[in-house]
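Engineer: Here's a structure for you.
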Amino acid sequence: MKKSNNVLCGADIFFECLKREKVEYIFGFPGGAVLKLYEHLYDVDFLQHILVRHEQGAVHAAEGYAKASGKVGVVLVTSGPGATNTVTGIADAYMDSVPIVVFTGQVASHLIGNDAFQEADIVGITRPITKHNFLVRDIKELASTIRKAFFIASSGRPGPVVVDLPKDVIASKCEFVYPEDIEIRGYKPTYKGHINQIKKAAEVIANAKKPLLYVGGGVIMSGGSEELGLFARDNKLPVTMTLQGLGAFPGTDNLSLGMLGMHGTYWANQAVNNCDVLVSLGARFDDRVTGKVETFAVDAYKIHVDIDPTCIDKNVVVDLPIVGDVKHILAELASEMPKVPDTKDWLAQIQDWKDECPLVYEDNDGRLRTEYVIEKISEKTKGEAIVVTDVGQHQMWTAQYYKYNHPRSNLTSGGLGTMGFSVPASIGASFAIKDRPIVSISGDGGFQMCIQELVTAVAYKRPIKFFIINNSFLGMVRQWQELFHAEKYSFTDLSETNPNFVKVGEAFGIESYSTENPKDVDSLLDKAFSVNDRPFLIEFKVVKEDMVFPMVPSGGSISDMMVKRLNPKRMT
């Protein structure tokens, strides 16, 4: 413990703690319960407050900052509706293991439970969707609580933490004591894997004929991408990635199979079906990857490496679990490998699957396709951009066609699938990364869900490229309606109600363009990437009936993969 001779009020203690935690940015919106904090924030010079236009936007922005930087994202909002507006973002961060700390104002302690003005039990509301949450009842506990919040959010399997701050606690005074070291009973994440398990895994992999590395977001969170690259290349191991794992291994590498699962590549899913050893690294065997679990990699010996022991055997029973940090365990695995496995025939088989069913799309009818736009963005940025996608068809096409070269380059809402994520998350990412292009890709439906944050992008002169993929539909929902719901396009057609996105962009003060001509894409992208001191918007009007393939039907087996539309004339 480091003691200060100063007696400080809660607001000063709050900012002293943030200074010790090296917080650079707070994404927030003021209100009555946090006015004391904003009064003191006025004179704080070590961090920058980013004023969003809705509290959901604040949390998504903090997520984007955290995902891009690896640091903890910080949010500050008021009580009641300010706090409840953060719930979707908190749930999103919980599903995707994003380290954020959300500070919520609360009514005075003596009023809690009395239905006071702008009171909400945010601790109770968020208990199922946070890694942990706190209600600070005593000013003397404020500093230690904030220290614990940052420690919990960033250690082990990362996640969101909520700290609820009553008005009277913020205004009270006590001697400031900052806990340098923190220990929480019952919370001791395991980082080093059990050496006997690691040796056994190395032996199994070395003797495999058809090994496959199944890589999730945990590799990126642990900072283990370099170790993954060395391990895969040294042992000639093919790598397939989850949506959150994209970028952990370069998409341009010959050993990369791209994404697996519901909209994964044909060859990645075939490799899963036919491998004899499946090594899961920082992935959780979620349903979008496995499909019907009873038929998932049934003949494979399964090794599961994860820092969260509750993920082991949760969805798929494995043969060899290793609890620990993926970065450490990959390095240990590499040092314990008795020999390099012979994967020559296996890699040749995978190449045959690539040749059998490559990713293709129609490009000879003069109409604009999303796949073409994504390919062009990938070419223009050479895989160096921070790409922030929303949720839907464009998200899956981006996962398929954008070639990520670096970790923390693919920022998207995976587990919760939150439409509206991209616009605010790209703003947060732009504060974290200042030397690479920031690209926000949204569908026309999702773009409108947090559209108010365009004001934030303009106010802070964020050099974000906002690209709208407009097919005048809620595209992914429409795809399911066509395939599985009798072609009844119930309330998914936006063609009569969508706004003029160019006028919308211009109303917010953003230089904006629109095209439906493939010949315009090159020049418009060049124009967008030449602007680096303010936001830029392009609407791409694409074919409305296109669908994302391959596709594994929900609850189906990977072997049920659909690779093309059965009736290509539908919706035309």
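Residue numbering restarts at 1 in every chain; chains get A, B, ... in the order shown in the structure tokens, and ligands count up from 1 in that same order.
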Excluding same-chain residues fewer than 3 positions from stretch 62-73 of chain A, what lies within 7 Å of it counting only C-alpha atoms, as number ranges by chain?
Structural biologist: A: 27, 58-59, 93, 98-101, 154, 408-409, 411, 425-426, 428-429, 431-433
Engineer: Please save N, CA, C and O atoms of the selected residues as a PDB file, in the first residue's frame.
Structural biologist:
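Output file again-v2.pdb follows:
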ATOM      1  N   PHE A  27     -14.890   7.247 -22.188  1.00  0.00           N
ATOM      2  CA  PHE A  27     -16.020   7.453 -23.089  1.00  0.00           C
ATOM      3  C   PHE A  27     -17.261   7.600 -22.220  1.00  0.00           C
ATOM      4  O   PHE A  27     -17.589   6.703 -21.430  1.00  0.00           O
ATOM      5  N   ALA A  58     -21.040   4.687 -25.889  1.00  0.00           N
ATOM      6  CA  ALA A  58     -19.860   4.796 -25.036  1.00  0.00           C
ATOM      7  C   ALA A  58     -19.233   3.433 -24.783  1.00  0.00           C
ATOM      8  O   ALA A  58     -18.015   3.265 -24.836  1.00  0.00           O
ATOM      9  N   VAL A  59     -20.066   2.428 -24.495  1.00  0.00           N
ATOM     10  CA  VAL A  59     -19.541   1.092 -24.203  1.00  0.00           C
ATOM     11  C   VAL A  59     -18.940   0.460 -25.455  1.00  0.00           C
ATOM     12  O   VAL A  59     -17.852  -0.126 -25.407  1.00  0.00           O
ATOM     13  N   ALA A  93     -19.547  -7.107 -24.485  1.00  0.00           N
ATOM     14  CA  ALA A  93     -18.182  -7.275 -23.986  1.00  0.00           C
ATOM     15  C   ALA A  93     -18.028  -8.577 -23.219  1.00  0.00           C
ATOM     16  O   ALA A  93     -16.981  -9.240 -23.286  1.00  0.00           O
ATOM     17  N   VAL A  98     -14.104  -8.878 -23.547  1.00  0.00           N
ATOM     18  CA  VAL A  98     -13.450  -7.589 -23.778  1.00  0.00           C
ATOM     19  C   VAL A  98     -13.229  -6.895 -22.432  1.00  0.00           C
ATOM     20  O   VAL A  98     -14.166  -6.727 -21.648  1.00  0.00           O
ATOM     21  N   PRO A  99     -11.987  -6.454 -22.151  1.00  0.00           N
ATOM     22  CA  PRO A  99     -11.712  -5.808 -20.862  1.00  0.00           C
ATOM     23  C   PRO A  99     -12.181  -4.358 -20.827  1.00  0.00           C
ATOM     24  O   PRO A  99     -11.562  -3.478 -21.416  1.00  0.00           O
ATOM     25  N   ILE A 100     -13.288  -4.107 -20.151  1.00  0.00           N
ATOM     26  CA  ILE A 100     -13.767  -2.733 -19.953  1.00  0.00           C
ATOM     27  C   ILE A 100     -14.198  -2.575 -18.500  1.00  0.00           C
ATOM     28  O   ILE A 100     -14.573  -3.541 -17.834  1.00  0.00           O
ATOM     29  N   VAL A 101     -14.099  -1.350 -18.009  1.00  0.00           N
ATOM     30  CA  VAL A 101     -14.643  -1.004 -16.697  1.00  0.00           C
ATOM     31  C   VAL A 101     -15.676   0.095 -16.909  1.00  0.00           C
ATOM     32  O   VAL A 101     -15.372   1.146 -17.480  1.00  0.00           O
ATOM     33  N   SER A 154      -8.855  -7.129 -16.686  1.00  0.00           N
ATOM     34  CA  SER A 154      -7.729  -7.346 -17.599  1.00  0.00           C
ATOM     35  C   SER A 154      -6.986  -8.656 -17.392  1.00  0.00           C
ATOM     36  O   SER A 154      -6.188  -9.052 -18.249  1.00  0.00           O
ATOM     37  N   ARG A 408      -5.600  -8.014 -33.664  1.00  0.00           N
ATOM     38  CA  ARG A 408      -6.303  -6.789 -33.252  1.00  0.00           C
ATOM     39  C   ARG A 408      -6.649  -5.903 -34.448  1.00  0.00           C
ATOM     40  O   ARG A 408      -6.689  -4.683 -34.341  1.00  0.00           O
ATOM     41  N   SER A 409      -6.845  -6.522 -35.602  1.00  0.00           N
ATOM     42  CA  SER A 409      -7.233  -5.792 -36.806  1.00  0.00           C
ATOM     43  C   SER A 409      -8.687  -6.036 -37.173  1.00  0.00           C
ATOM     44  O   SER A 409      -9.279  -5.248 -37.913  1.00  0.00           O
ATOM     45  N   LEU A 411     -12.184  -6.157 -35.684  1.00  0.00           N
ATOM     46  CA  LEU A 411     -12.989  -5.825 -34.518  1.00  0.00           C
ATOM     47  C   LEU A 411     -14.454  -6.005 -34.881  1.00  0.00           C
ATOM     48  O   LEU A 411     -14.960  -5.336 -35.791  1.00  0.00           O
ATOM     49  N   ALA A 425     -17.697   1.606 -32.163  1.00  0.00           N
ATOM     50  CA  ALA A 425     -16.471   0.840 -31.908  1.00  0.00           C
ATOM     51  C   ALA A 425     -15.322   1.346 -32.770  1.00  0.00           C
ATOM     52  O   ALA A 425     -14.167   1.361 -32.328  1.00  0.00           O
ATOM     53  N   SER A 426     -15.614   1.769 -33.987  1.00  0.00           N
ATOM     54  CA  SER A 426     -14.558   2.310 -34.841  1.00  0.00           C
ATOM     55  C   SER A 426     -14.028   3.631 -34.280  1.00  0.00           C
ATOM     56  O   SER A 426     -12.837   3.941 -34.425  1.00  0.00           O
ATOM     57  N   GLY A 428     -13.829   4.345 -31.021  1.00  0.00           N
ATOM     58  CA  GLY A 428     -12.928   3.934 -29.951  1.00  0.00           C
ATOM     59  C   GLY A 428     -11.602   3.432 -30.494  1.00  0.00           C
ATOM     60  O   GLY A 428     -10.531   3.775 -29.971  1.00  0.00           O
ATOM     61  N   ALA A 429     -11.662   2.628 -31.555  1.00  0.00           N
ATOM     62  CA  ALA A 429     -10.438   2.099 -32.162  1.00  0.00           C
ATOM     63  C   ALA A 429      -9.551   3.211 -32.689  1.00  0.00           C
ATOM     64  O   ALA A 429      -8.318   3.126 -32.635  1.00  0.00           O
ATOM     65  N   PHE A 431      -9.017   6.068 -31.476  1.00  0.00           N
ATOM     66  CA  PHE A 431      -8.230   6.686 -30.404  1.00  0.00           C
ATOM     67  C   PHE A 431      -7.079   5.774 -29.970  1.00  0.00           C
ATOM     68  O   PHE A 431      -6.068   6.237 -29.458  1.00  0.00           O
ATOM     69  N   ALA A 432      -7.246   4.478 -30.184  1.00  0.00           N
ATOM     70  CA  ALA A 432      -6.209   3.525 -29.791  1.00  0.00           C
ATOM     71  C   ALA A 432      -5.105   3.425 -30.831  1.00  0.00           C
ATOM     72  O   ALA A 432      -3.926   3.300 -30.495  1.00  0.00           O
ATOM     73  N   ILE A 433      -5.471   3.468 -32.111  1.00  0.00           N
ATOM     74  CA  ILE A 433      -4.526   3.260 -33.211  1.00  0.00           C
ATOM     75  C   ILE A 433      -4.550   4.482 -34.120  1.00  0.00           C
ATOM     76  O   ILE A 433      -5.572   4.789 -34.728  1.00  0.00           O
TER      77      ILE A 433
END
Engineer: Residues near A:Tyr42, anyone? I mean within 12 Å using only C-alpha atoms, not counting same-chain ones fewer than 5 positions away, as a VMD selection string.
Structural biologist: chain A and resid 11 to 12 15 30 35 to 37 47 to 49
Engineer: As a ChimeraX atom specification, please: the residues near A:Gly555 (cut-off 10 Å, only C-alpha atoms, same-chain neighbours under 5 positions excluded).
Structural biologist: /A:262,287-288,290-293,560
Engineer: Only N, CA, C and O atoms, please: the residues just picked out, written as a PDB file, in the first residue's frame.
Structural biologist:
ATOM      1  N   MET A 262     -20.135 -21.780 -39.391  1.00  0.00           N
ATOM      2  CA  MET A 262     -21.368 -21.589 -40.151  1.00  0.00           C
ATOM      3  C   MET A 262     -21.143 -20.949 -41.513  1.00  0.00           C
ATOM      4  O   MET A 262     -21.735 -21.371 -42.509  1.00  0.00           O
ATOM      5  N   ASP A 287     -21.519 -22.598 -30.798  1.00  0.00           N
ATOM      6  CA  ASP A 287     -22.419 -23.284 -31.723  1.00  0.00           C
ATOM      7  C   ASP A 287     -22.238 -22.846 -33.170  1.00  0.00           C
ATOM      8  O   ASP A 287     -22.509 -23.621 -34.089  1.00  0.00           O
ATOM      9  N   ARG A 288     -21.774 -21.613 -33.408  1.00  0.00           N
ATOM     10  CA  ARG A 288     -21.552 -21.167 -34.780  1.00  0.00           C
ATOM     11  C   ARG A 288     -20.339 -21.863 -35.412  1.00  0.00           C
ATOM     12  O   ARG A 288     -20.169 -21.829 -36.621  1.00  0.00           O
ATOM     13  N   THR A 290     -19.324 -25.240 -34.198  1.00  0.00           N
ATOM     14  CA  THR A 290     -19.511 -26.692 -34.151  1.00  0.00           C
ATOM     15  C   THR A 290     -20.708 -27.189 -34.938  1.00  0.00           C
ATOM     16  O   THR A 290     -20.708 -28.313 -35.438  1.00  0.00           O
ATOM     17  N   GLY A 291     -21.760 -26.338 -35.068  1.00  0.00           N
ATOM     18  CA  GLY A 291     -22.999 -26.892 -35.577  1.00  0.00           C
ATOM     19  C   GLY A 291     -23.493 -27.948 -34.604  1.00  0.00           C
ATOM     20  O   GLY A 291     -23.389 -27.802 -33.380  1.00  0.00           O
ATOM     21  N   LYS A 292     -23.980 -29.059 -35.109  1.00  0.00           N
ATOM     22  CA  LYS A 292     -24.447 -30.163 -34.278  1.00  0.00           C
ATOM     23  C   LYS A 292     -23.250 -30.812 -33.602  1.00  0.00           C
ATOM     24  O   LYS A 292     -22.416 -31.434 -34.261  1.00  0.00           O
ATOM     25  N   VAL A 293     -23.135 -30.670 -32.289  1.00  0.00           N
ATOM     26  CA  VAL A 293     -21.916 -31.081 -31.587  1.00  0.00           C
ATOM     27  C   VAL A 293     -21.653 -32.576 -31.686  1.00  0.00           C
ATOM     28  O   VAL A 293     -20.504 -33.025 -31.671  1.00  0.00           O
ATOM     29  N   ASP A 560     -23.499 -30.804 -43.517  1.00  0.00           N
ATOM     30  CA  ASP A 560     -24.701 -30.307 -44.207  1.00  0.00           C
ATOM     31  C   ASP A 560     -24.453 -28.967 -44.889  1.00  0.00           C
ATOM     32  O   ASP A 560     -25.407 -28.296 -45.315  1.00  0.00           O
TER      33      ASP A 560
END
Engineer: What's around A:Leu165 at 7 Å? Count only C-alpha atoms, leave out sequence neighbours fewer than 6 positions away in its own chain, and write the answer as a PyMOL selection string.
Structural biologist: chain A and resi 104-106+135-136
Engineer: Go through A:Gly366, A:Gly89, A:Pro535, A:Gly217 one by one, measure the shortest atom-to-atom distance of each to A:Ile307 using only C-alpha atoms, and give the residue with the smallest value.
Structural biologist: A:Gly217
Engineer: Any chance you could tabulate, as CSV, the residues of stretch 52-169 of chain A at most 10 Å from stretch 184-208 of chain A with each one's nearest atom pair and distance in Å to one decimal, using only C-alpha atoms, in chain and rising number order?
Structural biologist:
residue,atom,partner,partner_atom,distance
A:Lys148,CA,A:Ile184,CA,7.9
A:Phe151,CA,A:Ile184,CA,9.6
A:Ile152,CA,A:Tyr187,CA,8.6
A:Ser155,CA,A:Pro189,CA,7.4
A:Gly156,CA,A:Pro189,CA,5.1
A:Arg157,CA,A:Pro189,CA,8.1
Engineer: Let me see the file: selected residues, all heavy atoms, as a short mmCIF file (atom, residue, chain, number, x, y, z; two decimals), in the first residue's frame.
Structural biologist:
data_model
loop_
_atom_site.label_atom_id
_atom_site.label_comp_id
_atom_site.auth_asym_id
_atom_site.auth_seq_id
_atom_site.Cartn_x
_atom_site.Cartn_y
_atom_site.Cartn_z
N LYS A 148 -9.29 -3.22 -7.93
CA LYS A 148 -9.78 -4.58 -8.20
C LYS A 148 -10.50 -4.64 -9.54
O LYS A 148 -10.37 -5.63 -10.28
CB LYS A 148 -10.74 -5.02 -7.08
CG LYS A 148 -10.08 -5.31 -5.76
CD LYS A 148 -11.12 -5.64 -4.70
CE LYS A 148 -10.49 -5.85 -3.34
NZ LYS A 148 -11.52 -6.10 -2.28
N PHE A 151 -8.02 -4.86 -12.33
CA PHE A 151 -7.32 -6.14 -12.26
C PHE A 151 -8.20 -7.28 -12.79
O PHE A 151 -7.78 -8.10 -13.60
CB PHE A 151 -6.89 -6.43 -10.82
CG PHE A 151 -6.25 -7.76 -10.64
CD1 PHE A 151 -5.00 -8.04 -11.18
CD2 PHE A 151 -6.89 -8.76 -9.92
CE1 PHE A 151 -4.40 -9.28 -11.01
CE2 PHE A 151 -6.31 -10.00 -9.74
CZ PHE A 151 -5.06 -10.27 -10.29
N ILE A 152 -9.45 -7.31 -12.35
CA ILE A 152 -10.35 -8.37 -12.78
C ILE A 152 -10.65 -8.27 -14.27
O ILE A 152 -10.66 -9.27 -14.99
CB ILE A 152 -11.67 -8.31 -11.96
CG1 ILE A 152 -11.39 -8.68 -10.50
CG2 ILE A 152 -12.72 -9.25 -12.55
CD1 ILE A 152 -12.57 -8.43 -9.57
N SER A 155 -7.23 -9.35 -16.31
CA SER A 155 -6.47 -10.57 -16.02
C SER A 155 -7.27 -11.82 -16.38
O SER A 155 -8.49 -11.76 -16.55
CB SER A 155 -6.09 -10.61 -14.54
OG SER A 155 -7.25 -10.58 -13.73
N GLY A 156 -6.57 -12.96 -16.47
CA GLY A 156 -7.25 -14.20 -16.80
C GLY A 156 -7.98 -14.07 -18.12
O GLY A 156 -7.45 -13.54 -19.10
N ARG A 157 -9.19 -14.59 -18.18
CA ARG A 157 -10.04 -14.34 -19.35
C ARG A 157 -10.67 -12.97 -19.15
O ARG A 157 -11.45 -12.76 -18.23
CB ARG A 157 -11.14 -15.41 -19.45
CG ARG A 157 -12.07 -15.22 -20.63
CD ARG A 157 -13.15 -16.29 -20.65
NE ARG A 157 -14.08 -16.09 -21.76
CZ ARG A 157 -15.12 -16.88 -22.00
NH1 ARG A 157 -15.37 -17.92 -21.21
NH2 ARG A 157 -15.91 -16.65 -23.02
#
Engineer: Where in stretch 251-370 of chain A does DSSP assign helix (DSSP H, G or I), given as a ChimeraX atom specification?
Structural biologist: /A:266-274,287-290,293-295,309-311,326-336,344-356,370
Engineer: Where does DSSP see strand (DSSP E) in stretch 254-498 of chain A, if you list the residues as a PyMOL selection string?
Structural biologist: chain A and resi 256-259+277-281+301-306+320-323+386-389+410-411+438-443+464-470
